[in-house]
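So this one's work_17.txt, compact mmCIF, C-alpha atoms:
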```
# COMPACT_ATOMS: atom_id res chain seq x y z
CA MET A 277 0.00 0.00 0.00
CA SER A 278 1.42 3.36 -1.03
CA ASP A 279 0.95 6.85 0.36
CA HIS A 280 1.39 8.82 -2.89
CA THR A 281 -0.14 12.27 -2.72
CA GLU A 282 -0.08 13.33 -6.38
CA GLU A 283 -3.25 14.51 -8.06
CA ARG A 284 -5.18 11.56 -9.37
CA PRO A 285 -7.84 11.43 -12.06
CA ALA A 286 -11.47 10.91 -11.12
CA PHE A 287 -13.72 8.61 -13.11
CA ILE A 288 -17.34 7.92 -13.92
CA VAL A 289 -17.92 4.31 -14.94
CA ASP A 290 -20.77 2.92 -17.03
CA ARG A 291 -22.98 0.02 -15.93
CA MET A 292 -20.93 -2.56 -17.83
CA LEU A 293 -17.85 -1.87 -15.67
CA GLY A 294 -19.15 -2.33 -12.13
CA THR A 295 -16.33 -4.62 -11.02
CA LEU A 296 -13.72 -2.25 -12.44
CA CYS A 297 -15.37 0.58 -10.50
CA ARG A 298 -14.92 -1.33 -7.20
CA TYR A 299 -11.29 -2.09 -8.02
CA LEU A 300 -10.63 1.58 -8.84
CA ARG A 301 -12.00 2.48 -5.42
CA PHE A 302 -9.74 -0.11 -3.76
CA MET A 303 -6.88 1.60 -5.58
CA GLY A 304 -7.95 4.94 -4.11
CA TYR A 305 -9.54 6.48 -7.19
CA ASP A 306 -12.67 8.61 -6.98
CA ALA A 307 -14.96 6.50 -9.16
CA LEU A 308 -18.68 7.17 -9.55
CA SER A 309 -20.80 4.39 -10.97
CA ALA A 310 -23.71 4.63 -13.36
CA ASN A 311 -25.19 1.85 -11.22
CA SER A 312 -26.06 4.54 -8.68
CA MET A 313 -28.39 6.15 -11.23
CA ARG A 314 -31.99 5.09 -11.74
CA GLU A 315 -32.19 2.26 -14.25
CA GLY A 316 -34.18 2.56 -17.45
CA ASN A 317 -33.45 6.23 -18.14
CA ARG A 318 -33.10 6.50 -21.92
CA ARG A 319 -31.01 9.65 -21.44
CA GLU A 320 -28.45 7.91 -19.21
CA ASP A 321 -25.61 8.20 -21.73
CA THR A 322 -26.23 11.93 -22.10
CA LEU A 323 -26.37 12.32 -18.31
CA LEU A 324 -23.07 10.43 -17.93
CA LEU A 325 -21.39 12.63 -20.53
CA ASP A 326 -22.75 15.78 -18.89
CA LEU A 327 -21.67 14.70 -15.41
CA ALA A 328 -18.20 13.76 -16.65
CA SER A 329 -17.85 17.14 -18.35
CA ARG A 330 -19.16 19.19 -15.40
CA THR A 331 -17.02 17.39 -12.81
CA GLY A 332 -13.84 16.85 -14.82
CA ARG A 333 -14.16 13.08 -14.63
CA ILE A 334 -12.98 10.63 -17.25
CA LEU A 335 -15.82 8.46 -18.54
CA LEU A 336 -14.90 4.77 -18.73
CA THR A 337 -17.21 2.74 -20.96
CA ARG A 338 -17.49 -0.47 -22.93
CA ASP A 339 -19.88 1.27 -25.36
CA ARG A 340 -18.03 2.38 -28.51
CA ASP A 341 -20.70 4.94 -29.49
CA LEU A 342 -20.68 6.48 -26.00
CA ALA A 343 -16.86 6.66 -26.03
CA ASP A 344 -16.99 8.36 -29.44
CA ARG A 345 -19.54 10.89 -28.15
CA GLY A 346 -17.31 11.59 -25.14
CA GLY A 347 -14.26 12.37 -27.29
CA ASP A 348 -11.12 13.11 -25.27
CA GLY A 349 -13.12 12.89 -22.02
CA ALA A 350 -14.01 9.23 -22.51
CA VAL A 351 -12.07 5.98 -22.71
CA LEU A 352 -13.32 2.86 -24.46
CA VAL A 353 -12.39 -0.09 -22.23
CA LYS A 354 -11.96 -3.14 -24.42
CA GLY A 355 -10.97 -5.89 -21.99
CA ASP A 356 -13.54 -8.44 -20.89
CA ASP A 357 -12.17 -9.18 -17.42
CA VAL A 358 -11.20 -6.75 -14.69
CA MET A 359 -7.48 -7.58 -14.69
CA THR A 360 -7.27 -6.89 -18.43
CA GLN A 361 -9.17 -3.64 -17.87
CA ILE A 362 -6.77 -2.57 -15.10
CA ARG A 363 -3.83 -3.40 -17.36
CA GLU A 364 -5.39 -1.28 -20.14
CA LEU A 365 -5.84 1.75 -17.88
CA SER A 366 -2.35 1.35 -16.44
CA ARG A 367 -0.74 1.16 -19.89
CA ARG A 368 -2.59 4.34 -20.87
CA GLY A 369 -1.09 6.05 -17.82
CA LEU A 370 -4.49 6.68 -16.23
CA ILE A 371 -3.95 4.65 -13.05
CA VAL A 372 -1.23 3.27 -10.82
CA PRO A 373 -2.37 -0.26 -9.97
CA GLU A 374 -1.86 -0.60 -6.23
CA ILE A 375 -4.22 -0.99 -3.29
CA ARG A 376 -4.54 2.18 -1.21
CA MET A 377 -7.54 1.67 1.12
CA THR A 378 -8.63 5.30 1.01
CA ARG A 379 -12.16 4.89 -0.44
CA CYS A 380 -15.15 2.74 0.35
CA SER A 381 -15.55 0.10 -2.35
CA LEU A 382 -19.34 0.34 -2.00
CA CYS A 383 -20.15 4.06 -1.90
CA ASN A 384 -16.87 5.76 -2.95
CA ARG A 385 -16.70 7.90 0.21
CA LEU A 386 -13.29 8.64 1.68
CA LEU A 387 -12.36 6.32 4.54
CA ARG A 388 -10.98 7.52 7.85
CA PRO A 389 -9.04 5.66 10.54
CA ALA A 390 -11.40 3.43 12.53
CA THR A 391 -11.91 3.91 16.25
CA GLU A 392 -11.44 1.07 18.73
CA GLU A 393 -15.21 0.98 19.22
CA GLU A 394 -15.85 0.59 15.48
CA ILE A 395 -13.29 -2.21 15.23
CA ALA A 396 -14.70 -4.00 18.29
CA GLY A 397 -18.25 -3.60 16.97
CA ALA A 398 -17.48 -5.30 13.65
CA ASP A 399 -17.99 -9.02 14.24
CA TYR A 400 -16.10 -9.72 10.99
CA ALA A 401 -12.90 -7.98 12.18
CA PRO A 402 -9.94 -10.31 12.70
CA ARG A 403 -9.22 -11.34 16.27
CA ASN A 404 -5.48 -10.93 15.80
CA ARG A 405 -5.08 -7.23 14.98
CA THR A 406 -1.33 -7.04 15.37
CA GLY A 407 0.21 -4.82 12.71
CA LEU A 408 -3.11 -4.05 11.01
CA ARG A 409 -4.49 -0.58 10.30
CA PHE A 410 -8.24 -0.24 10.16
CA TYR A 411 -10.38 2.20 8.19
CA TRP A 412 -14.05 3.12 8.48
CA CYS A 413 -16.72 4.27 6.05
CA ARG A 414 -19.05 6.68 7.81
CA SER A 415 -21.74 6.20 5.19
CA CYS A 416 -21.83 2.40 4.85
CA ARG A 417 -20.59 1.79 8.41
CA LYS A 418 -18.13 -0.75 7.00
CA LEU A 419 -14.72 -1.63 8.39
CA TYR A 420 -11.72 -2.11 6.08
CA TRP A 421 -8.19 -3.33 6.72
CA MET A 422 -5.26 -4.55 4.66
CA GLY A 423 -5.34 -8.22 5.62
CA SER A 424 -4.84 -11.32 3.52
CA HIS A 425 -7.77 -10.44 1.22
CA GLY A 426 -6.23 -7.05 0.38
CA GLU A 427 -2.78 -8.55 0.01
CA ASN A 428 -4.14 -11.23 -2.36
CA LEU A 429 -5.95 -8.55 -4.35
CA GLU A 430 -2.78 -6.48 -4.64
CA LYS A 431 -0.77 -9.55 -5.66
CA ARG A 432 -3.38 -10.40 -8.30
CA ILE A 433 -3.23 -6.85 -9.67
CA LYS A 434 0.59 -6.82 -9.78
CA GLU A 435 0.75 -10.26 -11.44
CA GLY A 436 -1.75 -9.12 -14.07
CA LEU A 437 0.52 -6.34 -15.30
```
Could the structure of this file be written out as structure tokens, please?
Amino acid sequence: MSDHTEERPAFIVDRMLGTLCRYLRFMGYDALSANSMREGNRREDTLLLDLASRTGRILLTRDRDLADRGGDGAVLVKGDDVMTQIRELSRRGLIVPEIRMTRCSLCNRLLRPATEEEIAGADYAPRNRTGLRFYWCRSCRKLYWMGSHGENLEKRIKEGL
């Protein structure tokens, strides 16, 4: 896990890239998901383009027409699996593929250090906490830490490059 402080791009991700969106959040990127929008809106593509433009986000999509409409502000993601997609974005220089544990993978909110009470109240927290740092999402009320799951995820990302 790195503590880089450079400015990082923010993304908005279409519905076809939900898993990639979660991984981007694990890597510390501000990534909004179209899945948070109401389904069935025929204007969704236009809304995504508008939101990306207004907020300075890069639109990531699997839809060639949507990517064309987005021009320089959109990226067509071609890979079928998340590791290929991460490799694509890394090769384009858009992301640094490493786990950072700074954002909630569910809601995208910034995490903060967890209190002892929050750790103790999470029945899924490991019993042996030696050497672990814990983080808390105020919105989802979810506890995060860099344990074996995070280490395996980071190893999988690094091996995929």
Practice task
Just the residues within 6 Å of range 327-334 of chain A, please, counting all atoms listed in the file, with nothing from its chain fewer than 6 positions along; format it as a ChimeraX atom specification.
Solution key: /A:286-287,349-350
Would you mind exporting the chosen residues as an mmCIF file, in the coordinates of the input, restricted to C-alpha atoms?
```cif
data_model
loop_
_atom_site.group_PDB
_atom_site.id
_atom_site.type_symbol
_atom_site.label_atom_id
_atom_site.label_comp_id
_atom_site.auth_asym_id
_atom_site.auth_seq_id
_atom_site.Cartn_x
_atom_site.Cartn_y
_atom_site.Cartn_z
ATOM 1 C CA ALA A 286 -11.470 10.910 -11.120
ATOM 2 C CA PHE A 287 -13.720 8.610 -13.110
ATOM 3 C CA GLY A 349 -13.120 12.890 -22.020
ATOM 4 C CA ALA A 350 -14.010 9.230 -22.510
#
```
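Using all atoms listed in the file, the nearest neighbour of Tyr299 in chain A within the list A:Lys354, A:Arg345, A:Arg385, A:Arg379 is A:Arg379.
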Completion exercise
Computed gap from CA of Leu365 in chain A to CA of Gly304 in chain A is 14.3 Å
Around (-3.5, -7.1, -4.9) in the file's own coordinates, what residues are found within 10 Å if you use all atoms listed in the file, given back as a PDB file with C-alpha atoms, in the coordinates of the input?
```pdb
ATOM      1  CA  MET A 277       0.000   0.000   0.000  1.00  0.00           C
ATOM      2  CA  TYR A 299     -11.290  -2.090  -8.020  1.00  0.00           C
ATOM      3  CA  PHE A 302      -9.740  -0.110  -3.760  1.00  0.00           C
ATOM      4  CA  MET A 303      -6.880   1.600  -5.580  1.00  0.00           C
ATOM      5  CA  PRO A 373      -2.370  -0.260  -9.970  1.00  0.00           C
ATOM      6  CA  GLU A 374      -1.860  -0.600  -6.230  1.00  0.00           C
ATOM      7  CA  ILE A 375      -4.220  -0.990  -3.290  1.00  0.00           C
ATOM      8  CA  SER A 424      -4.840 -11.320   3.520  1.00  0.00           C
ATOM      9  CA  HIS A 425      -7.770 -10.440   1.220  1.00  0.00           C
ATOM     10  CA  GLY A 426      -6.230  -7.050   0.380  1.00  0.00           C
ATOM     11  CA  GLU A 427      -2.780  -8.550   0.010  1.00  0.00           C
ATOM     12  CA  ASN A 428      -4.140 -11.230  -2.360  1.00  0.00           C
ATOM     13  CA  LEU A 429      -5.950  -8.550  -4.350  1.00  0.00           C
ATOM     14  CA  GLU A 430      -2.780  -6.480  -4.640  1.00  0.00           C
ATOM     15  CA  LYS A 431      -0.770  -9.550  -5.660  1.00  0.00           C
ATOM     16  CA  ARG A 432      -3.380 -10.400  -8.300  1.00  0.00           C
ATOM     17  CA  ILE A 433      -3.230  -6.850  -9.670  1.00  0.00           C
ATOM     18  CA  LYS A 434       0.590  -6.820  -9.780  1.00  0.00           C
ATOM     19  CA  GLU A 435       0.750 -10.260 -11.440  1.00  0.00           C
ATOM     20  CA  GLY A 436      -1.750  -9.120 -14.070  1.00  0.00           C
TER      21      GLY A 436
END
```
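Computed from the coordinates, the CA of Asp341 in chain A to CA of Asp321 in chain A distance equals 9.7 Å.
The closest residue to Asp357 in chain A, picked from A:Leu386, A:Ala396, A:Arg284, A:Arg338 and counting only C-alpha atoms, is A:Arg338.
Among the candidates A:Arg298, A:Lys418, A:Leu336, A:Met292, the residue lying nearest to Arg388 in chain A is A:Lys418 (atoms considered: only C-alpha atoms).
Pairwise distance (CA of Cys383 in chain A, CA of Asp306 in chain A) equals 10.1 Å.
The shortest atom-to-atom distance to Ser381 in chain A, with only C-alpha atoms taken into account, belongs to A:Ala307 out of A:Ala307, A:Ile395, A:Val351, A:Met359.
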Box dimensions and centre (Å, one decimal) enclosing range 350-361 of chain A, axis-aligned, 4 Å extra per side, as lines of an AutoDock Vina configuration file:
```
center_x = -10.6
center_y = 0.0
center_z = -19.6
size_x = 14.7
size_y = 26.4
size_z = 17.8
```
Handout entry: Spatial neighbours of range 403-417 of chain A, 6 Å, only C-alpha atoms, chain gap at least 5 places, as a ChimeraX atom specification
Key = /A:387-390
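Counting only C-alpha atoms and comparing A:Arg340, A:Arg367, A:Arg318, A:Arg301, the residue that lies closest to Cys380 in chain A is A:Arg301.
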Final N, CA and C atoms of range 383-418 of chain A as a PDB file, keeping the file's coordinate frame:
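Result saved to out.pdb:
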```pdb
ATOM      1  N   CYS A 383     -19.519   2.748  -1.662  1.00  0.00           N
ATOM      2  CA  CYS A 383     -20.150   4.060  -1.900  1.00  0.00           C
ATOM      3  C   CYS A 383     -19.190   5.129  -2.409  1.00  0.00           C
ATOM      4  N   ASN A 384     -17.881   4.841  -2.433  1.00  0.00           N
ATOM      5  CA  ASN A 384     -16.870   5.760  -2.950  1.00  0.00           C
ATOM      6  C   ASN A 384     -16.456   6.839  -1.956  1.00  0.00           C
ATOM      7  N   ARG A 385     -17.040   6.866  -0.776  1.00  0.00           N
ATOM      8  CA  ARG A 385     -16.700   7.900   0.210  1.00  0.00           C
ATOM      9  C   ARG A 385     -15.285   7.668   0.744  1.00  0.00           C
ATOM     10  N   LEU A 386     -14.610   8.760   1.090  1.00  0.00           N
ATOM     11  CA  LEU A 386     -13.290   8.640   1.680  1.00  0.00           C
ATOM     12  C   LEU A 386     -13.381   7.930   3.017  1.00  0.00           C
ATOM     13  N   LEU A 387     -12.435   7.026   3.264  1.00  0.00           N
ATOM     14  CA  LEU A 387     -12.360   6.320   4.540  1.00  0.00           C
ATOM     15  C   LEU A 387     -11.564   7.149   5.526  1.00  0.00           C
ATOM     16  N   ARG A 388     -11.783   6.902   6.806  1.00  0.00           N
ATOM     17  CA  ARG A 388     -10.980   7.520   7.850  1.00  0.00           C
ATOM     18  C   ARG A 388     -10.501   6.416   8.777  1.00  0.00           C
ATOM     19  N   PRO A 389      -9.477   6.683   9.592  1.00  0.00           N
ATOM     20  CA  PRO A 389      -9.040   5.660  10.540  1.00  0.00           C
ATOM     21  C   PRO A 389     -10.205   5.250  11.446  1.00  0.00           C
ATOM     22  N   ALA A 390     -10.323   3.959  11.694  1.00  0.00           N
ATOM     23  CA  ALA A 390     -11.400   3.430  12.530  1.00  0.00           C
ATOM     24  C   ALA A 390     -11.065   3.621  14.004  1.00  0.00           C
ATOM     25  N   THR A 391     -12.089   3.824  14.797  1.00  0.00           N
ATOM     26  CA  THR A 391     -11.910   3.910  16.250  1.00  0.00           C
ATOM     27  C   THR A 391     -11.901   2.490  16.829  1.00  0.00           C
ATOM     28  N   GLU A 392     -11.429   2.370  18.047  1.00  0.00           N
ATOM     29  CA  GLU A 392     -11.440   1.070  18.730  1.00  0.00           C
ATOM     30  C   GLU A 392     -12.860   0.531  18.840  1.00  0.00           C
ATOM     31  N   GLU A 393     -13.819   1.413  19.089  1.00  0.00           N
ATOM     32  CA  GLU A 393     -15.210   0.980  19.220  1.00  0.00           C
ATOM     33  C   GLU A 393     -15.752   0.428  17.901  1.00  0.00           C
ATOM     34  N   GLU A 394     -15.390   1.067  16.791  1.00  0.00           N
ATOM     35  CA  GLU A 394     -15.850   0.590  15.480  1.00  0.00           C
ATOM     36  C   GLU A 394     -15.232  -0.761  15.151  1.00  0.00           C
ATOM     37  N   ILE A 395     -13.967  -0.921  15.482  1.00  0.00           N
ATOM     38  CA  ILE A 395     -13.290  -2.210  15.230  1.00  0.00           C
ATOM     39  C   ILE A 395     -13.932  -3.300  16.088  1.00  0.00           C
ATOM     40  N   ALA A 396     -14.121  -3.013  17.367  1.00  0.00           N
ATOM     41  CA  ALA A 396     -14.700  -4.000  18.290  1.00  0.00           C
ATOM     42  C   ALA A 396     -16.143  -4.328  17.906  1.00  0.00           C
ATOM     43  N   GLY A 397     -16.854  -3.381  17.335  1.00  0.00           N
ATOM     44  CA  GLY A 397     -18.250  -3.600  16.970  1.00  0.00           C
ATOM     45  C   GLY A 397     -18.445  -4.355  15.670  1.00  0.00           C
ATOM     46  N   ALA A 398     -17.387  -4.581  14.931  1.00  0.00           N
ATOM     47  CA  ALA A 398     -17.480  -5.300  13.650  1.00  0.00           C
ATOM     48  C   ALA A 398     -17.163  -6.775  13.910  1.00  0.00           C
ATOM     49  N   ASP A 399     -18.192  -7.602  13.930  1.00  0.00           N
ATOM     50  CA  ASP A 399     -17.990  -9.020  14.240  1.00  0.00           C
ATOM     51  C   ASP A 399     -17.142  -9.738  13.196  1.00  0.00           C
ATOM     52  N   TYR A 400     -16.913  -9.125  12.046  1.00  0.00           N
ATOM     53  CA  TYR A 400     -16.100  -9.720  10.990  1.00  0.00           C
ATOM     54  C   TYR A 400     -14.625  -9.285  11.066  1.00  0.00           C
ATOM     55  N   ALA A 401     -14.297  -8.417  12.021  1.00  0.00           N
ATOM     56  CA  ALA A 401     -12.900  -7.980  12.180  1.00  0.00           C
ATOM     57  C   ALA A 401     -12.053  -9.139  12.672  1.00  0.00           C
ATOM     58  N   PRO A 402     -10.805  -9.210  12.239  1.00  0.00           N
ATOM     59  CA  PRO A 402      -9.940 -10.310  12.700  1.00  0.00           C
ATOM     60  C   PRO A 402      -9.659 -10.196  14.193  1.00  0.00           C
ATOM     61  N   ARG A 403      -9.528 -11.331  14.829  1.00  0.00           N
ATOM     62  CA  ARG A 403      -9.220 -11.340  16.270  1.00  0.00           C
ATOM     63  C   ARG A 403      -7.784 -10.876  16.521  1.00  0.00           C
ATOM     64  N   ASN A 404      -6.881 -11.347  15.675  1.00  0.00           N
ATOM     65  CA  ASN A 404      -5.480 -10.930  15.800  1.00  0.00           C
ATOM     66  C   ASN A 404      -5.309  -9.649  14.984  1.00  0.00           C
ATOM     67  N   ARG A 405      -5.164  -8.530  15.655  1.00  0.00           N
ATOM     68  CA  ARG A 405      -5.080  -7.230  14.980  1.00  0.00           C
ATOM     69  C   ARG A 405      -3.668  -6.678  14.912  1.00  0.00           C
ATOM     70  N   THR A 406      -2.712  -7.476  15.321  1.00  0.00           N
ATOM     71  CA  THR A 406      -1.330  -7.040  15.370  1.00  0.00           C
ATOM     72  C   THR A 406      -0.861  -6.581  13.994  1.00  0.00           C
ATOM     73  N   GLY A 407      -0.358  -5.360  13.943  1.00  0.00           N
ATOM     74  CA  GLY A 407       0.210  -4.820  12.710  1.00  0.00           C
ATOM     75  C   GLY A 407      -0.806  -4.370  11.673  1.00  0.00           C
ATOM     76  N   LEU A 408      -2.084  -4.445  11.979  1.00  0.00           N
ATOM     77  CA  LEU A 408      -3.110  -4.050  11.010  1.00  0.00           C
ATOM     78  C   LEU A 408      -3.586  -2.628  11.276  1.00  0.00           C
ATOM     79  N   ARG A 409      -3.860  -1.899  10.197  1.00  0.00           N
ATOM     80  CA  ARG A 409      -4.490  -0.580  10.300  1.00  0.00           C
ATOM     81  C   ARG A 409      -5.906  -0.719   9.776  1.00  0.00           C
ATOM     82  N   PHE A 410      -6.832  -0.122  10.501  1.00  0.00           N
ATOM     83  CA  PHE A 410      -8.240  -0.240  10.160  1.00  0.00           C
ATOM     84  C   PHE A 410      -8.796   1.098   9.713  1.00  0.00           C
ATOM     85  N   TYR A 411      -9.754   1.017   8.763  1.00  0.00           N
ATOM     86  CA  TYR A 411     -10.380   2.200   8.190  1.00  0.00           C
ATOM     87  C   TYR A 411     -11.885   2.025   8.247  1.00  0.00           C
ATOM     88  N   TRP A 412     -12.600   3.146   8.281  1.00  0.00           N
ATOM     89  CA  TRP A 412     -14.050   3.120   8.480  1.00  0.00           C
ATOM     90  C   TRP A 412     -14.743   3.997   7.458  1.00  0.00           C
ATOM     91  N   CYS A 413     -15.854   3.473   6.916  1.00  0.00           N
ATOM     92  CA  CYS A 413     -16.720   4.270   6.050  1.00  0.00           C
ATOM     93  C   CYS A 413     -17.881   4.772   6.889  1.00  0.00           C
ATOM     94  N   ARG A 414     -17.975   6.078   7.018  1.00  0.00           N
ATOM     95  CA  ARG A 414     -19.050   6.680   7.810  1.00  0.00           C
ATOM     96  C   ARG A 414     -20.423   6.449   7.194  1.00  0.00           C
ATOM     97  N   SER A 415     -20.465   6.350   5.878  1.00  0.00           N
ATOM     98  CA  SER A 415     -21.740   6.200   5.190  1.00  0.00           C
ATOM     99  C   SER A 415     -22.251   4.757   5.269  1.00  0.00           C
ATOM    100  N   CYS A 416     -21.435   3.812   4.880  1.00  0.00           N
ATOM    101  CA  CYS A 416     -21.830   2.400   4.850  1.00  0.00           C
ATOM    102  C   CYS A 416     -21.656   1.711   6.207  1.00  0.00           C
ATOM    103  N   ARG A 417     -20.905   2.358   7.094  1.00  0.00           N
ATOM    104  CA  ARG A 417     -20.590   1.790   8.410  1.00  0.00           C
ATOM    105  C   ARG A 417     -19.874   0.447   8.244  1.00  0.00           C
ATOM    106  N   LYS A 418     -18.892   0.452   7.334  1.00  0.00           N
ATOM    107  CA  LYS A 418     -18.130  -0.750   7.000  1.00  0.00           C
ATOM    108  C   LYS A 418     -16.677  -0.561   7.400  1.00  0.00           C
TER     109      LYS A 418
END
```
